[in-house]
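Undergrad: Here you go, this is start_31.cif (mmCIF, C-alpha atoms).
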```
data_run
loop_
_atom_site.label_atom_id
_atom_site.label_comp_id
_atom_site.auth_asym_id
_atom_site.auth_seq_id
_atom_site.Cartn_x
_atom_site.Cartn_y
_atom_site.Cartn_z
CA MET M 1 0.00 0.00 0.00
CA ARG M 2 1.17 3.52 -0.73
CA HIS M 3 0.97 6.36 1.76
CA GLU M 4 1.65 9.39 -0.37
CA LEU M 5 0.34 12.23 1.75
CA ARG M 6 3.17 14.68 2.43
CA PRO M 7 3.76 16.30 5.84
CA GLU M 8 2.40 19.62 4.52
CA ASP M 9 -0.82 17.86 3.43
CA ILE M 10 -1.34 16.52 6.95
CA GLU M 11 -0.42 19.88 8.49
CA VAL M 12 -3.38 21.46 6.68
CA PHE M 13 -5.77 19.26 8.64
CA SER M 14 -3.93 19.83 11.95
CA GLU M 15 -4.18 23.58 11.39
CA ALA M 16 -7.87 23.23 10.54
CA ILE M 17 -8.51 21.49 13.89
CA THR M 18 -6.67 24.25 15.77
CA HIS M 19 -8.58 26.93 13.88
CA PHE M 20 -11.96 25.28 14.50
CA PHE M 21 -11.55 25.03 18.28
CA ASN M 22 -10.08 28.52 18.59
CA THR M 23 -12.90 30.08 16.56
CA CYS M 24 -15.90 28.11 17.81
CA THR M 25 -14.97 27.64 21.46
CA GLY M 26 -12.38 30.35 22.12
CA GLU M 27 -10.11 27.66 23.53
CA THR M 28 -7.12 25.90 22.03
CA ALA M 29 -7.07 22.18 21.33
CA ASN M 30 -3.88 20.19 21.89
CA VAL M 31 -3.33 18.79 18.40
CA ARG M 32 -0.67 16.08 18.50
CA SER M 33 1.55 14.48 15.87
CA ALA M 34 -0.14 12.50 13.13
CA TYR M 35 0.58 8.80 12.76
CA LEU M 36 -0.07 6.21 10.11
CA ILE M 37 -2.76 3.60 10.76
CA GLU M 38 -1.08 0.42 9.55
CA HIS M 39 -4.02 -1.89 10.11
CA GLY M 40 -7.77 -1.44 10.21
CA PRO M 41 -10.27 0.98 8.71
CA ALA M 42 -9.99 4.76 8.26
CA VAL M 43 -11.90 5.48 11.47
CA LEU M 44 -11.00 5.37 15.15
CA TRP M 45 -14.38 4.49 16.68
CA ASN M 46 -15.75 6.83 19.30
CA ASP M 47 -19.27 7.72 20.54
CA PHE M 48 -19.91 9.78 17.39
CA ASN M 49 -18.14 9.49 14.05
CA GLY M 50 -18.76 12.05 11.30
CA LEU M 51 -17.61 11.01 7.84
CA ILE M 52 -16.95 13.08 4.74
CA GLU M 53 -16.39 11.20 1.50
CA ILE M 54 -13.94 12.82 -0.89
CA SER M 55 -14.14 12.63 -4.68
CA GLY M 56 -13.08 14.67 -7.71
CA ALA M 57 -9.36 15.23 -8.17
CA TYR M 58 -8.81 13.29 -4.93
CA THR M 59 -10.43 10.23 -3.49
CA GLY M 60 -10.75 9.13 0.12
CA SER M 61 -12.42 10.17 3.33
CA VAL M 62 -12.13 12.40 6.38
CA CYS M 63 -13.60 11.12 9.64
CA PHE M 64 -13.88 13.07 12.91
CA SER M 65 -14.49 10.80 15.90
CA ALA M 66 -15.25 12.16 19.34
CA PRO M 67 -16.80 11.19 22.68
CA ARG M 68 -20.23 12.51 23.60
CA ALA M 69 -18.80 14.68 26.40
CA LEU M 70 -16.47 16.59 24.07
CA LEU M 71 -19.31 17.25 21.63
CA SER M 72 -21.67 18.33 24.44
CA HIS M 73 -19.06 20.82 25.60
CA VAL M 74 -18.56 22.16 22.07
CA LEU M 75 -22.35 22.51 21.67
CA LEU M 76 -22.48 24.45 24.93
CA LYS M 77 -19.69 26.76 23.76
CA MET M 78 -21.61 27.35 20.52
CA GLY M 79 -24.68 28.45 22.44
CA GLU M 80 -26.77 25.28 22.19
CA SER M 81 -28.97 24.28 25.11
CA VAL M 82 -30.27 20.99 23.69
CA PHE M 83 -28.01 17.95 23.99
CA THR M 84 -29.80 15.14 22.21
CA ASP M 85 -28.23 12.41 20.06
CA ASP M 86 -29.40 14.33 16.98
CA ARG M 87 -27.48 17.43 18.01
CA HIS M 88 -24.35 15.39 18.73
CA ALA M 89 -24.63 13.70 15.34
CA ASP M 90 -25.12 17.09 13.72
CA ILE M 91 -22.07 18.70 15.32
CA VAL M 92 -19.70 15.77 14.67
CA GLY M 93 -20.67 15.93 10.98
CA GLU M 94 -20.36 19.70 10.92
CA ILE M 95 -16.86 19.52 12.40
CA ALA M 96 -15.81 16.94 9.79
CA ASN M 97 -17.30 19.15 7.08
CA THR M 98 -15.61 22.30 8.36
CA LEU M 99 -12.18 20.66 8.62
CA SER M 100 -12.50 19.16 5.12
CA GLY M 101 -13.70 22.43 3.64
CA ARG M 102 -10.79 24.37 5.09
CA ALA M 103 -8.38 21.86 3.52
CA ARG M 104 -9.51 23.14 0.09
CA ARG M 105 -7.33 26.21 0.72
CA HIS M 106 -4.43 23.82 0.20
CA PHE M 107 -5.85 21.13 -2.10
CA GLY M 108 -8.08 23.41 -4.20
CA GLU M 109 -11.61 22.92 -5.47
CA GLY M 110 -10.72 19.50 -6.90
CA LEU M 111 -11.19 18.15 -3.36
CA SER M 112 -14.94 17.50 -3.72
CA ILE M 113 -16.70 17.12 -0.39
CA ALA M 114 -19.93 15.17 0.12
CA PRO M 115 -22.39 16.21 2.84
CA PRO M 116 -21.45 14.60 6.17
CA ARG M 117 -22.90 11.30 7.26
CA LEU M 118 -22.83 9.58 10.62
CA LEU M 119 -21.02 6.27 10.96
CA ASN M 120 -22.63 4.05 13.54
CA TYR M 121 -20.43 1.99 15.83
CA GLY M 122 -19.94 -1.44 14.41
CA GLU M 123 -20.90 -0.42 10.91
CA PRO M 124 -18.86 -2.48 8.48
CA SER M 125 -15.49 -0.85 8.00
CA LEU M 126 -15.08 1.78 5.35
CA PRO M 127 -14.16 0.61 1.92
CA ASN M 128 -10.51 1.24 1.25
CA ILE M 129 -11.51 4.15 -0.92
CA SER M 130 -8.18 5.61 -1.87
CA GLY M 131 -5.88 2.62 -1.72
CA ASN M 132 -3.64 4.57 0.64
CA LEU M 133 -3.08 4.05 4.32
CA PRO M 134 -4.99 6.49 6.55
CA TYR M 135 -3.38 9.00 8.92
CA ALA M 136 -4.77 9.72 12.37
CA ILE M 137 -4.41 13.14 13.97
CA PRO M 138 -5.12 12.84 17.72
CA LEU M 139 -6.24 15.83 19.75
CA GLY M 140 -7.09 16.69 23.31
CA TRP M 141 -9.49 19.37 24.48
CA HIS M 142 -10.73 19.93 28.03
CA GLY M 143 -9.41 16.51 29.01
CA TYR M 144 -11.35 14.73 26.24
CA GLU M 145 -9.63 12.79 23.46
CA ALA M 146 -10.77 12.79 19.82
CA SER M 147 -9.22 12.12 16.44
CA LEU M 148 -9.38 13.05 12.81
CA VAL M 149 -8.55 10.29 10.35
CA VAL M 150 -7.62 11.33 6.83
CA GLN M 151 -7.35 8.91 3.93
CA LEU M 152 -6.59 10.71 0.71
CA ALA M 153 -4.95 10.10 -2.65
CA PRO M 154 -5.06 11.57 -6.14
CA GLY M 155 -8.32 10.66 -7.87
CA PRO M 156 -8.80 8.02 -10.52
CA MET F 1 -31.82 48.08 1.33
CA SER F 2 -31.25 50.05 4.52
CA LEU F 3 -31.17 49.63 8.27
CA SER F 4 -34.37 51.68 8.68
CA ASN F 5 -36.54 48.98 7.04
CA ILE F 6 -37.51 45.68 8.60
CA LEU F 7 -35.92 42.96 6.47
CA SER F 8 -36.79 39.28 6.25
CA MET F 9 -34.08 36.62 6.22
CA MET F 10 -33.98 32.93 5.34
CA ILE F 11 -31.29 30.62 6.74
CA VAL F 12 -30.21 27.64 4.63
CA ASP F 13 -27.84 25.04 6.09
CA ASP F 14 -27.99 21.27 6.48
CA SER F 15 -26.71 21.62 10.06
CA MET F 16 -29.37 22.48 12.62
CA ILE F 17 -26.59 23.72 14.92
CA ILE F 18 -25.54 26.30 12.33
CA ARG F 19 -29.15 27.29 11.50
CA ASN F 20 -29.83 27.81 15.22
CA ARG F 21 -26.63 29.74 15.75
CA ILE F 22 -27.35 32.17 12.92
CA ALA F 23 -30.99 32.50 14.01
CA ARG F 24 -29.96 33.31 17.61
CA LEU F 25 -27.67 36.09 16.42
CA VAL F 26 -30.32 37.53 14.11
CA ALA F 27 -32.93 37.41 16.91
CA GLY F 28 -30.55 39.22 19.27
CA PRO F 29 -30.27 42.93 19.95
CA ALA F 30 -27.49 43.54 17.41
CA LEU F 31 -29.84 43.09 14.44
CA PRO F 32 -33.30 44.37 15.52
CA HIS F 33 -34.26 45.20 11.93
CA ILE F 34 -34.08 41.59 10.62
CA ASN F 35 -36.85 39.03 11.06
CA ILE F 36 -36.42 35.33 10.34
CA ALA F 37 -38.56 34.31 7.35
CA GLY F 38 -37.72 30.63 7.65
CA LEU F 39 -35.08 27.92 7.96
CA ALA F 40 -34.23 25.30 5.31
CA ALA F 41 -32.05 22.19 5.58
CA ASN F 42 -31.33 21.71 1.87
CA GLY F 43 -31.53 23.47 -1.48
CA GLU F 44 -34.91 22.10 -2.49
CA MET F 45 -36.54 23.23 0.75
CA ALA F 46 -34.84 26.59 0.33
CA ILE F 47 -36.32 27.21 -3.13
CA GLU F 48 -39.82 26.29 -1.95
CA LEU F 49 -39.50 28.53 1.10
CA ALA F 50 -38.02 31.39 -0.93
CA ARG F 51 -41.01 31.29 -3.33
CA ASP F 52 -43.41 31.48 -0.39
CA SER F 53 -41.64 33.99 1.84
CA ARG F 54 -39.67 36.09 -0.70
CA PRO F 55 -36.90 36.99 1.78
CA ASP F 56 -34.73 40.10 1.45
CA LEU F 57 -31.67 38.25 2.75
CA ILE F 58 -30.47 34.66 2.70
CA THR F 59 -27.55 32.89 4.37
CA MET F 60 -26.67 29.92 2.19
CA ASP F 61 -24.53 26.85 2.85
CA LEU F 62 -22.98 25.21 -0.22
CA THR F 63 -22.46 21.54 0.64
CA MET F 64 -25.98 20.19 1.15
CA PRO F 65 -27.97 17.11 0.19
CA LEU F 66 -30.62 17.06 -2.57
CA LEU F 67 -29.64 20.37 -4.16
CA ASP F 68 -26.36 22.10 -3.40
CA GLY F 69 -25.96 25.77 -2.57
CA GLU F 70 -24.52 26.88 -5.90
CA ALA F 71 -27.46 25.50 -7.87
CA CYS F 72 -29.83 26.90 -5.26
CA ILE F 73 -28.34 30.41 -5.58
CA GLU F 74 -28.78 30.36 -9.37
CA ARG F 75 -32.41 29.31 -9.12
CA ILE F 76 -33.37 31.74 -6.37
CA ILE F 77 -31.67 34.71 -8.03
CA ASP F 78 -33.66 33.86 -11.15
CA PHE F 79 -36.96 34.71 -9.43
CA LEU F 80 -35.69 36.98 -6.62
CA PRO F 81 -32.97 39.06 -8.30
CA GLU F 82 -32.98 41.70 -5.55
CA THR F 83 -32.41 39.24 -2.72
CA LYS F 84 -28.98 39.49 -1.09
CA ILE F 85 -27.33 36.12 -0.48
CA LEU F 86 -24.48 35.58 1.98
CA VAL F 87 -22.74 32.26 1.42
CA VAL F 88 -21.73 30.69 4.75
CA SER F 89 -19.60 27.69 3.85
CA ALA F 90 -16.61 25.66 4.94
CA LEU F 91 -15.34 25.51 1.35
CA ALA F 92 -12.29 27.72 1.68
CA ASP F 93 -10.81 27.82 -1.83
CA LYS F 94 -11.00 31.05 -3.81
CA ALA F 95 -12.50 29.48 -6.94
CA THR F 96 -15.61 28.39 -5.06
CA ALA F 97 -16.15 31.85 -3.58
CA LEU F 98 -15.72 33.51 -6.98
CA ARG F 99 -18.13 31.06 -8.62
CA ALA F 100 -20.77 31.70 -5.95
CA ILE F 101 -20.42 35.46 -6.45
CA LYS F 102 -20.75 35.03 -10.23
CA LYS F 103 -23.94 33.03 -9.72
CA GLY F 104 -25.48 35.86 -7.72
CA ALA F 105 -24.23 35.72 -4.14
CA SER F 106 -23.39 39.06 -2.56
CA GLY F 107 -20.89 37.90 0.04
CA PHE F 108 -18.97 34.92 1.41
CA LEU F 109 -18.22 33.98 5.02
CA HIS F 110 -16.02 30.97 5.75
CA LYS F 111 -16.86 28.46 8.46
CA PRO F 112 -15.91 28.31 11.21
CA PHE F 113 -16.96 31.86 12.11
CA THR F 114 -17.30 33.92 15.26
CA ASP F 115 -20.48 35.82 16.14
CA ASP F 116 -18.65 39.07 15.38
CA GLU F 117 -17.62 37.85 11.92
CA LEU F 118 -21.19 36.82 11.11
CA LEU F 119 -22.59 40.09 12.40
CA GLU F 120 -20.09 42.09 10.34
CA SER F 121 -20.89 40.07 7.19
CA LEU F 122 -24.65 40.56 7.64
CA LEU F 123 -24.24 44.30 8.22
CA GLU F 124 -22.10 44.56 5.08
CA LEU F 125 -24.77 42.69 3.16
CA ILE F 126 -27.52 45.19 4.03
CA ASP F 127 -25.37 48.30 3.98
#
```
Could you write out this structure as structure tokens?
TA:
Amino acid sequence: MRHELRPEDIEVFSEAITHFFNTCTGETANVRSAYLIEHGPAVLWNDFNGLIEISGAYTGSVCFSAPRALLSHVLLKMGESVFTDDRHADIVGEIANTLSGRARRHFGEGLSIAPPRLLNYGEPSLPNISGNLPYAIPLGWHGYEASLVVQLAPGP
Amino acid sequence: MSLSNILSMMIVDDSMIIRNRIARLVAGPALPHINIAGLAANGEMAIELARDSRPDLITMDLTMPLLDGEACIERIIDFLPETKILVVSALADKATALRAIKKGASGFLHKPFTDDELLESLLELID
């Protein structure tokens, strides 16, 4: 398997995470070094998993996985007062969408982004869309742990 | 369009969190001259609602199911050419913003945004 993403490609997503938490919560996330996922699907299962499928000039996926408590706290910071499963599913997808969209500054409009969808725990693993190994970017915020998994390669 | 008139605004975004956030700001004291005409979760709902409510202002997401924001802008501008549309999208490349403007949008605000950034963009839209 190839793993062709360059460090600067990964850095775009790390910066997007930092920017999201600073802007939406006013507080900085501790974004740690990315690592390659050698085995398994392009998702690190958590309570909520928001997936963006990538097409166009690139192919792959971007998945933001987070525990309920982190998402509840983000919702609170964004002014929400309702903390149902629907709202948690909404915000995990919106975070995945926002991080993917910001990456188009670097990758350009050829990085086509589908609307977010929720991956349910135990759902059969993602198809190996891009043929490349996925990268995980772990982050900590308010004592909670979450991750962004990026699997991306030039399109067909 | 001026601050002395009461304006109606439609909010289009597939995220309820974002729709609520924009609606809360518009309902707050900073924008007393804007009323919410309706909320839509996708482009098709937005066109139907725009025909019924004929809003003065619209905030429009781009990545949405059923009908995306770019197509929605083109169709709404076709029957509401005076309506001002602010694109509120995560898509951060310049080409997308330029294309939205060419199709009839009046402004572009990138997600994620602060309340101040949204307020400033809305005030610029109606200025």
Undergrad: Could you pull the residues within 12 Å of Ala95 in chain F, counting all atoms listed in the file, minus those fewer than 3 positions along the same chain, as a list in words?
TA: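 Everything that qualifies: Arg104, Arg105, Phe107, Gly108, Glu109, Gly110 and Leu111 of chain M; Leu91, Ala92, Leu98, Arg99, Ala100, Ile101, Lys102 and Phe108 of chain F.
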Undergrad: Counting only C-alpha atoms, which residues from chain M have an atom at most 7 Å from any atom of chain F, and could you show them as a ChimeraX atom specification?
TA: /M:20,23-24,90-91,94,97-98,101-102,104-105,108-109,114-115
Undergrad: Record the distance separating CA of Asp85 in chain M and CA of Ile52 in chain M, expressed in Å with one decimal.
TA: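 Here the two named atoms are 19.0 Å from each other.
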Undergrad: Could you check which residues have any atom within 12 Å of (-3.9, 22.2, 20.4), counting all atoms listed in the file with coordinates taken straight from the file, and then list them as a PyMOL selection string?
TA: chain M and resi 14-22+26-33+137-143+145-146
Undergrad: Write out the residues from the selection above, keeping C-alpha atoms, as a compact mmCIF listing (two decimals), in the coordinates of the input.
TA:
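So result-v5.txt came out as:
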```txt
# COMPACT_ATOMS: atom_id res chain seq x y z
CA SER M 14 -3.93 19.83 11.95
CA GLU M 15 -4.18 23.58 11.39
CA ALA M 16 -7.87 23.23 10.54
CA ILE M 17 -8.51 21.49 13.89
CA THR M 18 -6.67 24.25 15.77
CA HIS M 19 -8.58 26.93 13.88
CA PHE M 20 -11.96 25.28 14.50
CA PHE M 21 -11.55 25.03 18.28
CA ASN M 22 -10.08 28.52 18.59
CA GLY M 26 -12.38 30.35 22.12
CA GLU M 27 -10.11 27.66 23.53
CA THR M 28 -7.12 25.90 22.03
CA ALA M 29 -7.07 22.18 21.33
CA ASN M 30 -3.88 20.19 21.89
CA VAL M 31 -3.33 18.79 18.40
CA ARG M 32 -0.67 16.08 18.50
CA SER M 33 1.55 14.48 15.87
CA ILE M 137 -4.41 13.14 13.97
CA PRO M 138 -5.12 12.84 17.72
CA LEU M 139 -6.24 15.83 19.75
CA GLY M 140 -7.09 16.69 23.31
CA TRP M 141 -9.49 19.37 24.48
CA HIS M 142 -10.73 19.93 28.03
CA GLY M 143 -9.41 16.51 29.01
CA GLU M 145 -9.63 12.79 23.46
CA ALA M 146 -10.77 12.79 19.82
```
Undergrad: I'd like the neighbourhood of Leu39 in chain F as an MDAnalysis selection string, where a residue qualifies if any of its atoms comes within 12 Å (using all atoms listed in the file), though same-chain residues fewer than 6 positions away should be ignored.
TA: chainID F and resid 8:23 45:50 53 55 58:61
Undergrad: Do you have the CA of Asp56 in chain F-CA of Lys84 in chain F distance handy?
TA: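 These two atoms are separated by 6.3 Å.
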Undergrad: Select, from M:Val150, M:Ala69, M:Val43, M:Leu51, the residue with the minimum atom-to-atom distance to Ile10 in chain M, counting only C-alpha atoms.
TA: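 Of M:Val150, M:Ala69, M:Val43, M:Leu51, the one nearest Ile10 in chain M, counting only C-alpha atoms, is M:Val150.
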Undergrad: Quick one: everything within 10 Å of Pro156 in chain M, counting all atoms listed in the file, minus sequence neighbours fewer than 3 positions away in the same chain. Send it as a PDB file with C-alpha atoms, in the coordinates of the input.
TA:
```
ATOM      1  CA  SER M  55     -14.140  12.630  -4.680  1.00  0.00           C
ATOM      2  CA  GLY M  56     -13.080  14.670  -7.710  1.00  0.00           C
ATOM      3  CA  ALA M  57      -9.360  15.230  -8.170  1.00  0.00           C
ATOM      4  CA  TYR M  58      -8.810  13.290  -4.930  1.00  0.00           C
ATOM      5  CA  THR M  59     -10.430  10.230  -3.490  1.00  0.00           C
ATOM      6  CA  SER M 130      -8.180   5.610  -1.870  1.00  0.00           C
ATOM      7  CA  ALA M 153      -4.950  10.100  -2.650  1.00  0.00           C
TER       8      ALA M 153
END
```
Undergrad: Would you work out the distance separating CA of Glu44 in chain F from CA of Leu71 in chain M, expressed in Å to one decimal?
TA: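 Value for the CA of Glu44 in chain F-CA of Leu71 in chain M distance: 29.1 Å.
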Undergrad: Please provide as a PyMOL selection string all residues within 8 Å of range 75-79 of chain F, with the sequence filter that same-chain residues fewer than 2 positions apart are discarded (counting all atoms listed in the file).
TA: chain F and resi 47+50+71-73+81-83+104
Undergrad: So, counting only C-alpha atoms, which residue among M:Asn132, M:Thr84, M:Ser100, M:Asn49 is closest to Glu4 in chain M?
TA: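 Selected residue with least distance to Glu4 in chain M: M:Asn132.
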Undergrad: Adding 5 Å on each side of the box along x, y and z that holds all listed atoms of range 81-91 of chain M, could you give its centre and edge lengths in Å to one decimal, as JSON?
TA:
```
{"center_x": -26.2, "center_y": 18.3, "center_z": 19.4, "size_x": 18.2, "size_y": 21.9, "size_z": 21.4}
```
